[in-house]
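Chemist: Just one file: upload17.csv, with CSV, C-alpha atoms.
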chain,number,residue,atom,x,y,z
A,1,MET,CA,1.0,19.9,13.4
A,2,GLY,CA,3.5,17.3,12.0
A,3,LEU,CA,2.5,14.0,10.5
A,4,ASP,CA,3.9,11.9,13.4
A,5,ALA,CA,2.0,14.0,15.9
A,6,GLU,CA,-1.3,13.5,14.0
A,7,VAL,CA,-0.7,9.8,13.7
A,8,ALA,CA,0.0,9.6,17.4
A,9,ARG,CA,-3.2,11.4,18.2
A,10,LEU,CA,-5.1,9.1,15.9
A,11,ARG,CA,-3.7,6.1,17.6
A,12,ARG,CA,-5.1,7.5,20.8
A,13,GLY,CA,-8.6,7.7,19.2
A,14,ASP,CA,-8.6,11.5,18.4
A,15,LEU,CA,-11.4,12.1,15.9
A,16,ASP,CA,-10.0,15.5,14.8
A,17,ALA,CA,-6.7,13.8,13.9
A,18,LEU,CA,-8.6,11.4,11.7
A,19,ALA,CA,-10.3,14.3,9.9
A,20,THR,CA,-7.0,16.1,9.5
A,21,LEU,CA,-5.3,13.0,7.9
A,22,VAL,CA,-8.2,12.3,5.5
A,23,GLN,CA,-7.9,15.9,4.3
A,24,ARG,CA,-4.1,15.8,4.2
A,25,TYR,CA,-4.1,12.7,1.9
A,26,GLN,CA,-7.4,13.3,0.0
A,27,HIS,CA,-6.0,14.1,-3.4
A,28,ARG,CA,-2.9,11.9,-3.3
A,29,LEU,CA,-4.8,8.8,-2.1
A,30,TYR,CA,-7.7,9.4,-4.5
A,31,ARG,CA,-5.3,9.9,-7.4
A,32,TYR,CA,-3.5,6.7,-6.6
A,33,LEU,CA,-6.7,4.6,-6.4
A,34,LEU,CA,-7.9,6.2,-9.6
A,35,ARG,CA,-4.7,5.2,-11.3
A,36,LEU,CA,-5.2,1.6,-10.2
A,37,VAL,CA,-8.9,1.1,-10.9
A,38,ARG,CA,-9.4,3.8,-13.5
A,39,GLN,CA,-13.1,4.3,-12.6
A,40,PRO,CA,-14.0,7.3,-10.4
A,41,ALA,CA,-16.9,5.6,-8.7
A,42,GLU,CA,-14.8,2.6,-7.8
A,43,ALA,CA,-11.9,4.9,-6.6
A,44,GLU,CA,-14.3,6.8,-4.4
A,45,ASP,CA,-15.6,3.6,-2.8
A,46,LEU,CA,-12.1,2.3,-2.2
A,47,PHE,CA,-11.1,5.7,-0.8
A,48,GLN,CA,-13.8,5.2,1.9
A,49,GLN,CA,-12.9,1.6,2.5
A,50,THR,CA,-9.2,2.6,3.0
A,51,TRP,CA,-10.0,5.1,5.7
A,52,LEU,CA,-12.4,2.6,7.4
A,53,ARG,CA,-9.5,0.2,7.5
A,54,VAL,CA,-7.2,2.9,8.9
A,55,ALA,CA,-9.8,3.5,11.7
A,56,SER,CA,-10.0,-0.2,12.6
A,57,GLN,CA,-6.2,-0.9,12.3
A,58,ILE,CA,-4.5,2.2,13.4
A,59,ARG,CA,-3.7,0.8,16.9
A,60,ARG,CA,-1.8,-2.0,15.2
A,61,PHE,CA,0.3,0.5,13.2
A,62,ASP,CA,3.9,0.6,14.3
A,63,PRO,CA,4.8,4.3,14.7
A,64,ARG,CA,8.4,3.5,13.7
A,65,ARG,CA,7.1,2.7,10.2
A,66,ASN,CA,6.5,5.1,7.4
A,67,PHE,CA,2.8,6.1,7.6
A,68,ASP,CA,2.6,7.0,3.9
A,69,ALA,CA,3.8,3.5,2.9
A,70,TRP,CA,1.4,1.9,5.4
A,71,LEU,CA,-1.6,3.9,4.1
A,72,PHE,CA,-0.8,3.3,0.5
A,73,THR,CA,-0.3,-0.4,1.2
A,74,LEU,CA,-3.8,-0.6,2.7
A,75,ALA,CA,-5.2,1.2,-0.3
A,76,ARG,CA,-3.4,-1.0,-2.7
A,77,ASN,CA,-4.5,-4.2,-1.1
A,78,LEU,CA,-8.1,-3.2,-1.2
A,79,ALA,CA,-7.8,-2.1,-4.9
A,80,ILE,CA,-6.0,-5.3,-5.9
A,81,ASP,CA,-8.7,-7.4,-4.2
A,82,HIS,CA,-11.3,-5.4,-5.9
A,83,LEU,CA,-9.7,-5.8,-9.3
A,84,ARG,CA,-9.2,-9.5,-8.8
A,85,ARG,CA,-12.9,-9.8,-8.2
A,86,ILE,CA,-14.2,-7.7,-11.1
A,87,ARG,CA,-11.4,-7.2,-13.7
A,88,PRO,CA,-8.7,-9.8,-13.1
A,89,GLU,CA,-7.4,-9.4,-16.6
A,90,SER,CA,-6.3,-5.8,-15.7
A,91,LEU,CA,-3.7,-7.3,-13.4
A,92,ASP,CA,-2.0,-9.3,-16.2
A,93,GLU,CA,1.4,-8.4,-17.3
A,94,TRP,CA,1.7,-7.4,-20.9
A,95,ASP,CA,2.1,-10.0,-23.6
A,96,SER,CA,5.9,-10.4,-24.0
A,97,ARG,CA,5.6,-9.4,-27.7
A,98,GLU,CA,4.6,-6.0,-26.7
A,99,PHE,CA,7.7,-5.7,-24.7
A,100,ALA,CA,10.0,-7.3,-27.3
A,101,PRO,CA,13.3,-5.6,-27.4
A,102,THR,CA,13.4,-3.0,-30.1
A,103,PRO,CA,15.0,-4.5,-33.2
A,104,PRO,CA,18.6,-3.4,-33.7
A,105,ALA,CA,17.7,-1.5,-36.9
A,106,LEU,CA,15.4,0.7,-34.9
A,107,ARG,CA,17.5,1.0,-31.8
A,108,ASP,CA,19.8,3.6,-33.3
A,109,ALA,CA,16.8,5.7,-34.4
A,110,ALA,CA,16.2,8.7,-32.2
A,111,PRO,CA,13.2,8.6,-29.9
A,112,PRO,CA,10.1,10.5,-30.9
A,113,ALA,CA,10.5,14.2,-30.6
A,114,ILE,CA,7.7,14.8,-28.1
A,115,ASP,CA,9.0,18.3,-27.6
A,116,VAL,CA,7.2,19.1,-30.9
A,117,MET,CA,3.9,18.6,-29.0
A,118,ILE,CA,2.4,21.6,-27.3
A,119,ALA,CA,3.6,21.6,-23.7
A,120,ARG,CA,0.1,21.7,-22.2
A,121,GLU,CA,-1.0,18.7,-24.2
A,122,ARG,CA,2.2,16.7,-23.6
A,123,SER,CA,1.3,15.7,-20.1
A,124,GLU,CA,-2.2,14.6,-21.3
A,125,PHE,CA,-0.7,12.4,-24.0
A,126,VAL,CA,1.6,10.9,-21.4
A,127,ALA,CA,-1.3,10.4,-19.0
A,128,ALA,CA,-3.2,8.6,-21.7
A,129,ALA,CA,-0.3,6.4,-22.4
A,130,VAL,CA,0.1,5.5,-18.7
A,131,GLN,CA,-3.6,4.6,-18.7
A,132,LYS,CA,-2.9,2.0,-21.3
A,133,LEU,CA,-0.3,0.2,-19.2
A,134,PRO,CA,-1.1,-2.9,-17.1
A,135,VAL,CA,-1.8,-1.9,-13.5
A,136,ILE,CA,1.4,-3.5,-12.2
A,137,TYR,CA,3.5,-1.0,-14.3
A,138,SER,CA,1.3,2.1,-14.0
A,139,GLU,CA,1.2,1.9,-10.2
A,140,VAL,CA,5.0,1.9,-10.0
A,141,LEU,CA,5.1,5.0,-12.3
A,142,SER,CA,2.4,6.7,-10.2
A,143,LEU,CA,4.2,6.0,-6.9
A,144,ARG,CA,7.5,7.1,-8.3
A,145,PHE,CA,6.6,10.2,-10.3
A,146,GLU,CA,3.4,11.4,-8.7
A,147,GLU,CA,3.8,10.3,-5.1
A,148,GLU,CA,7.6,10.8,-5.4
A,149,MET,CA,8.3,7.7,-3.2
A,150,LYS,CA,11.7,6.2,-3.0
A,151,LEU,CA,12.1,2.7,-4.5
A,152,GLU,CA,12.4,1.3,-1.0
A,153,GLU,CA,9.0,2.8,-0.1
A,154,ILE,CA,7.5,1.5,-3.3
A,155,ALA,CA,8.9,-2.0,-2.5
A,156,GLU,CA,7.2,-1.8,0.9
A,157,VAL,CA,3.8,-0.7,-0.6
A,158,LEU,CA,3.9,-3.4,-3.2
A,159,ASN,CA,5.5,-6.0,-0.9
A,160,ALA,CA,8.0,-6.8,-3.7
A,161,PRO,CA,11.8,-7.0,-3.9
A,162,LEU,CA,13.7,-3.9,-5.0
A,163,SER,CA,14.9,-5.6,-8.1
A,164,THR,CA,11.3,-6.3,-9.1
A,165,ILE,CA,10.4,-2.6,-8.6
A,166,LYS,CA,13.3,-1.5,-10.8
A,167,SER,CA,12.3,-4.0,-13.5
A,168,ARG,CA,8.6,-2.8,-13.4
A,169,LEU,CA,9.7,0.8,-13.5
A,170,ARG,CA,11.9,0.3,-16.5
A,171,ARG,CA,9.3,-1.8,-18.3
A,172,GLY,CA,6.6,0.8,-17.5
A,173,LEU,CA,8.8,3.6,-18.9
A,174,GLU,CA,9.5,1.5,-22.0
A,175,GLY,CA,5.8,0.8,-22.3
A,176,VAL,CA,5.0,4.5,-22.3
A,177,ARG,CA,7.6,5.2,-24.9
A,178,GLN,CA,6.3,2.4,-27.1
A,179,ILE,CA,2.7,3.7,-26.8
A,180,LEU,CA,3.7,7.3,-27.6
A,181,GLU,CA,5.8,6.1,-30.6
A,182,ALA,CA,2.9,4.0,-31.9
A,183,ARG,CA,0.4,6.8,-31.4
A,184,TYR,CA,2.4,9.5,-32.9
A,185,PRO,CA,4.3,8.1,-35.8
A,186,GLY,CA,6.3,10.5,-37.9
A,187,THR,CA,7.3,12.6,-34.9
A,188,ARG,CA,10.7,11.0,-34.7
A,189,ALA,CA,13.5,13.4,-34.8
A,190,HIS,CA,16.1,12.7,-37.5
A,191,GLU,CA,19.7,12.4,-36.5
B,1,MET,CA,31.8,-0.8,-33.6
B,2,ASN,CA,32.9,-4.2,-32.3
B,3,GLU,CA,30.9,-6.8,-30.4
B,4,LYS,CA,32.1,-5.7,-27.0
B,5,THR,CA,31.2,-2.1,-27.6
B,6,MET,CA,27.8,-3.0,-28.9
B,7,SER,CA,27.1,-5.1,-25.8
B,8,GLU,CA,28.1,-2.2,-23.6
B,9,HIS,CA,26.0,0.1,-25.7
B,10,GLU,CA,22.9,-2.1,-25.3
B,11,LYS,CA,23.5,-2.4,-21.6
B,12,ILE,CA,23.7,1.4,-21.2
B,13,ARG,CA,20.5,1.8,-23.2
B,14,GLU,CA,18.8,-0.6,-20.8
B,15,LEU,CA,19.9,1.6,-17.9
B,16,LEU,CA,18.9,4.9,-19.4
B,17,PRO,CA,15.3,4.9,-18.3
B,18,LEU,CA,16.3,4.1,-14.8
B,19,ALA,CA,19.0,6.8,-14.9
B,20,SER,CA,16.4,9.4,-15.8
B,21,ALA,CA,14.3,8.2,-12.9
B,22,GLY,CA,17.3,8.7,-10.6
B,23,VAL,CA,17.3,5.2,-9.2
B,24,LEU,CA,20.7,3.9,-10.2
B,25,ASP,CA,23.4,3.2,-7.7
B,26,ALA,CA,26.7,5.2,-7.8
B,27,SER,CA,28.6,2.7,-9.9
B,28,GLU,CA,25.9,2.4,-12.5
B,29,GLU,CA,25.6,6.2,-12.6
B,30,ALA,CA,29.3,6.5,-13.1
B,31,ARG,CA,29.3,3.9,-15.9
B,32,ILE,CA,26.6,5.8,-17.7
B,33,GLN,CA,28.3,9.2,-17.3
B,34,ASN,CA,31.6,7.7,-18.7
B,35,HIS,CA,29.7,6.3,-21.7
B,36,LEU,CA,27.8,9.5,-22.4
B,37,ARG,CA,31.0,11.4,-22.7
B,38,LEU,CA,31.8,9.4,-25.8
B,39,CYS,CA,28.3,8.6,-27.2
B,40,THR,CA,26.1,11.5,-28.3
B,41,ASN,CA,23.4,9.0,-29.5
B,42,CYS,CA,22.9,7.7,-25.9
B,43,ALA,CA,23.1,11.3,-24.6
B,44,THR,CA,20.2,12.2,-26.9
B,45,ARG,CA,18.2,9.2,-25.7
B,46,LEU,CA,18.8,10.2,-22.1
B,47,SER,CA,17.4,13.6,-22.9
B,48,PHE,CA,14.3,11.9,-24.2
B,49,TRP,CA,13.8,9.8,-21.1
B,50,GLN,CA,14.3,12.9,-18.9
B,51,GLU,CA,11.7,14.7,-20.9
B,52,LEU,CA,9.3,11.8,-20.6
B,53,GLN,CA,9.9,11.6,-16.9
B,54,SER,CA,9.2,15.3,-16.7
B,55,GLY,CA,5.9,14.7,-18.5
B,56,LEU,CA,5.0,11.9,-16.0
B,57,ARG,CA,5.6,14.4,-13.1
B,58,ARG,CA,3.2,16.9,-14.7
B,59,ILE,CA,0.2,14.6,-15.4
B,60,PRO,CA,-2.9,16.4,-14.3
B,61,THR,CA,-3.9,15.4,-10.8
B,62,PRO,CA,-7.6,14.4,-10.3
B,63,GLN,CA,-9.1,16.0,-7.3
B,64,ALA,CA,-11.0,14.1,-4.7
B,65,PRO,CA,-14.6,15.4,-4.6
B,66,ALA,CA,-15.3,17.5,-1.5
B,67,SER,CA,-18.5,15.5,-0.8
B,68,LEU,CA,-16.4,12.3,-0.8
B,69,VAL,CA,-14.0,13.7,1.7
B,70,GLN,CA,-16.8,14.8,4.1
B,71,ARG,CA,-18.6,11.5,3.8
B,72,THR,CA,-15.4,9.6,4.4
B,73,ILE,CA,-14.5,11.6,7.5
B,74,ALA,CA,-18.0,11.0,9.0
B,75,ILE,CA,-18.0,7.2,8.5
B,76,ALA,CA,-14.4,6.8,9.4
B,77,GLN,CA,-15.0,8.7,12.7
B,78,ASN,CA,-18.0,6.5,13.4
B,79,ALA,CA,-15.8,3.4,12.8
B,80,LEU,CA,-13.1,4.8,15.2
B,81,ILE,CA,-15.7,5.3,17.9
B,82,GLU,CA,-17.1,1.8,17.4
B,83,GLU,CA,-13.6,0.4,17.6
B,84,SER,CA,-12.9,2.3,20.8
B,85,ASP,CA,-16.2,1.0,22.3
B,86,ARG,CA,-15.3,-2.6,21.3
B,87,ARG,CA,-11.9,-2.2,23.0
B,88,SER,CA,-13.6,-0.9,26.2
B,89,GLU,CA,-16.0,-3.8,26.2
B,90,ARG,CA,-13.1,-6.3,25.8
B,91,ARG,CA,-11.3,-4.6,28.7
B,92,ILE,CA,-14.4,-4.8,30.9
B,93,ILE,CA,-14.9,-8.4,30.1
B,94,ALA,CA,-11.3,-9.2,30.8
B,95,VAL,CA,-11.4,-7.5,34.2
B,96,ALA,CA,-14.7,-9.3,35.0
B,97,LEU,CA,-13.2,-12.7,34.0
B,98,VAL,CA,-10.1,-12.2,36.1
B,99,PHE,CA,-12.2,-11.0,39.1
B,100,SER,CA,-14.5,-14.0,38.8
B,101,TRP,CA,-11.6,-16.4,38.6
B,102,LEU,CA,-9.9,-15.0,41.7
B,103,PHE,CA,-13.2,-14.9,43.5
B,104,VAL,CA,-13.9,-18.5,42.7
B,105,ALA,CA,-10.3,-19.5,43.6
B,106,VAL,CA,-10.5,-17.8,46.9
B,107,SER,CA,-14.1,-18.5,47.9
B,108,TRP,CA,-13.7,-22.3,48.5
B,109,PRO,CA,-10.9,-22.1,51.1
B,110,LEU,CA,-12.5,-19.0,52.6
B,111,ALA,CA,-15.8,-20.8,53.0
B,112,GLN,CA,-14.0,-23.7,54.7
B,113,PHE,CA,-12.1,-21.4,57.0
B,114,LEU,CA,-15.2,-19.5,58.0
B,115,GLY,CA,-17.3,-22.6,58.5
B,116,HIS,CA,-14.8,-24.9,60.2
B,117,GLY,CA,-11.8,-22.9,61.2
B,118,TRP,CA,-8.1,-23.5,60.4
B,119,MET,CA,-8.2,-27.2,60.8
B,120,ALA,CA,-10.6,-27.5,57.9
B,121,VAL,CA,-8.2,-25.6,55.7
B,122,LEU,CA,-5.1,-27.5,56.8
B,123,GLY,CA,-6.7,-30.9,57.3
B,124,SER,CA,-6.3,-33.8,54.8
B,125,GLY,CA,-10.0,-33.7,53.7
B,126,PHE,CA,-9.5,-30.2,52.4
B,127,LYS,CA,-7.0,-31.3,49.7
B,128,GLN,CA,-9.4,-33.7,48.2
B,129,GLY,CA,-12.3,-31.2,48.4
B,130,TRP,CA,-10.1,-28.6,46.8
B,131,GLU,CA,-9.0,-30.8,43.9
B,132,ASN,CA,-12.7,-31.7,43.2
B,133,PHE,CA,-13.6,-28.1,43.3
B,134,ALA,CA,-10.7,-27.1,41.1
B,135,VAL,CA,-11.6,-29.7,38.4
B,136,PHE,CA,-15.2,-28.6,38.5
B,137,THR,CA,-14.3,-25.0,38.2
B,138,ALA,CA,-11.8,-25.6,35.4
B,139,LEU,CA,-14.4,-27.4,33.4
B,140,CYS,CA,-16.8,-24.5,33.9
B,141,TRP,CA,-14.2,-22.0,32.7
B,142,LEU,CA,-13.3,-24.1,29.7
B,143,ALA,CA,-17.0,-24.3,28.7
B,144,GLY,CA,-17.3,-20.5,29.1
B,145,ALA,CA,-14.1,-19.9,27.1
B,146,ALA,CA,-15.3,-22.1,24.2
B,147,ALA,CA,-18.7,-20.2,24.2
B,148,ALA,CA,-16.9,-16.8,24.2
B,149,ILE,CA,-14.6,-17.9,21.3
B,150,MET,CA,-17.6,-19.1,19.2
B,151,LEU,CA,-19.6,-15.9,19.9
B,152,ALA,CA,-16.6,-13.7,19.0
B,153,ALA,CA,-16.1,-15.7,15.7
B,154,ARG,CA,-19.7,-15.2,14.9
B,155,LYS,CA,-19.5,-11.5,15.6
B,156,GLN,CA,-16.5,-11.2,13.4
B,157,ARG,CA,-18.2,-13.0,10.5
B,158,GLU,CA,-21.3,-10.7,10.8
B,159,ARG,CA,-19.0,-7.6,10.8
B,160,ARG,CA,-17.3,-8.8,7.6
B,161,MET,CA,-20.5,-9.5,5.9
B,162,ALA,CA,-22.0,-6.1,6.9
Written as structure tokens, how would this file's structure read?
Modeler:
Amino acid sequence: MGLDAEVARLRRGDLDALATLVQRYQHRLYRYLLRLVRQPAEAEDLFQQTWLRVASQIRRFDPRRNFDAWLFTLARNLAIDHLRRIRPESLDEWDSREFAPTPPALRDAAPPAIDVMIARERSEFVAAAVQKLPVIYSEVLSLRFEEEMKLEEIAEVLNAPLSTIKSRLRRGLEGVRQILEARYPGTRAHE
Amino acid sequence: MNEKTMSEHEKIRELLPLASAGVLDASEEARIQNHLRLCTNCATRLSFWQELQSGLRRIPTPQAPASLVQRTIAIAQNALIEESDRRSERRIIAVALVFSWLFVAVSWPLAQFLGHGWMAVLGSGFKQGWENFAVFTALCWLAGAAAAIMLAARKQRERRMA
């Protein structure tokens, strides 16, 4: 059964539809929450809270909206409230020095040759680099590259303008690059 | 390389990460493609960003524990049932309130008619009596509404704290 039909059934109070949706989104939603809070126990708790919120608010959901964006918005709001209470510093943007534009002398140097890394380990290195980013950047990377959301959907989830999302996406990618270059010096390819 | 070319070069480099993510508009995309035809350095950098993006898409996905999913389904279903029960309660209360109001509104003139006939209903004394009754009833309803609002607010607070 399609997503729209399941959501319609859930709005009518169908318990089986709720079970179906929880199973449908189990890995994606858990992954997203884990990217935000980075602690499995906290991600599990937030996962439950998100679905409790879905159960209590589903009748207020406008079926013309994108259900994915609505669900991830609920999850994000809960996660951000949680982080504000226990780890507010994790929501800070990076110090501007860490995002200082690359000096001109280095700009023309080629980026690190990450293709020298073993393919299997490459994604783990990248994952570790993303973990080091402030939440406001890592969540945009997660929504774009893992959830494959369009920028407009990400803007809806984050309740931010499109220009802000583009900026965070670029800064997030730059951040990953800087972390990889710092972690793996000497892997630069020579022109 | 002159200043204008450097500036264009820097602007293109700023756009490369977004180009690899496929989020540029048509004019920005065209601008980049035009530049890449002439600049192998930027073309190399774009390859890097595309490779990085590919790595981001292949980050291992953590799996939600099966026990978590089962637990969540159980408690969310309970919450859905409770929400449904609350809605039913509110509907019943609303119907009861409307019925009570209509009953009260109709009972006074009905009592007058049954006790004293049409003259009691159409006579001048009825108007005064009706006004007094209406004021008294309105005050009773206001008190009831205030009590209902306070009870609902208290229930809401208890639910949030639970």
Chemist: I'd like the interatomic distance between CA of Arg85 (chain A) and CA of Asp45 (chain A), to a tenth of an Å.
Modeler: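 So the answer is 14.7 Å.
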Chemist: Please identify all residues of chain A having at least one atom at most 8 Å from any atom of chain B, considering only C-alpha atoms, and return them as a ChimeraX atom specification.
Modeler: /A:13,15,18-19,22-23,26-27,30-31,44,47-48,51-52,55-56,108,110-111,113,122-124,126-127,141,145-146,151,166,169-170,173-174
Chemist: Report the distance between CA of Ala129 (chain A) and CA of Arg35 (chain A) in Å, rounded to one decimal place.
Modeler: 12.0 Å
Chemist: Work out how far apart CA of Asp14 (chain A) and CA of Arg90 (chain B) are and give it in Å to one decimal.
Modeler: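 Atom-to-atom, CA of Asp14 (chain A) to CA of Arg90 (chain B), that is 19.8 Å.
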Chemist: Mind checking which residues fall within 8 Å of Val135 (chain A), counting all atoms listed in the file, ignoring those fewer than 6 positions away in the same chain, and posting them as a list of chain:residue names?
Modeler: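 Here the qualifying residues turn out to be A:Arg35, A:Leu36, A:Ser90, A:Leu91, A:Asp92.
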Chemist: Would you mind telling me which residue in A:Leu180, A:Ala160, A:Val54, A:Val130 lies nearest to Leu78 (chain A) when using only C-alpha atoms?
Modeler: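 The answer is A:Val54, which sits nearest to Leu78 (chain A).
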Chemist: Ranking A:Ala75, A:Val37, A:Leu3, A:His82 by minimum distance to Ser138 (chain A) and counting only C-alpha atoms, which one comes first?
Modeler: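 Among A:Ala75, A:Val37, A:Leu3, A:His82, it is A:Val37 that comes nearest to Ser138 (chain A).
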Chemist: What would the list of residues within 12 Å of (8.5, 1.3, -1.0) (file frame) look like as a PyMOL selection string, if only C-alpha atoms are what count?
Modeler: chain A and resi 65-73+139-140+143-144+147-166
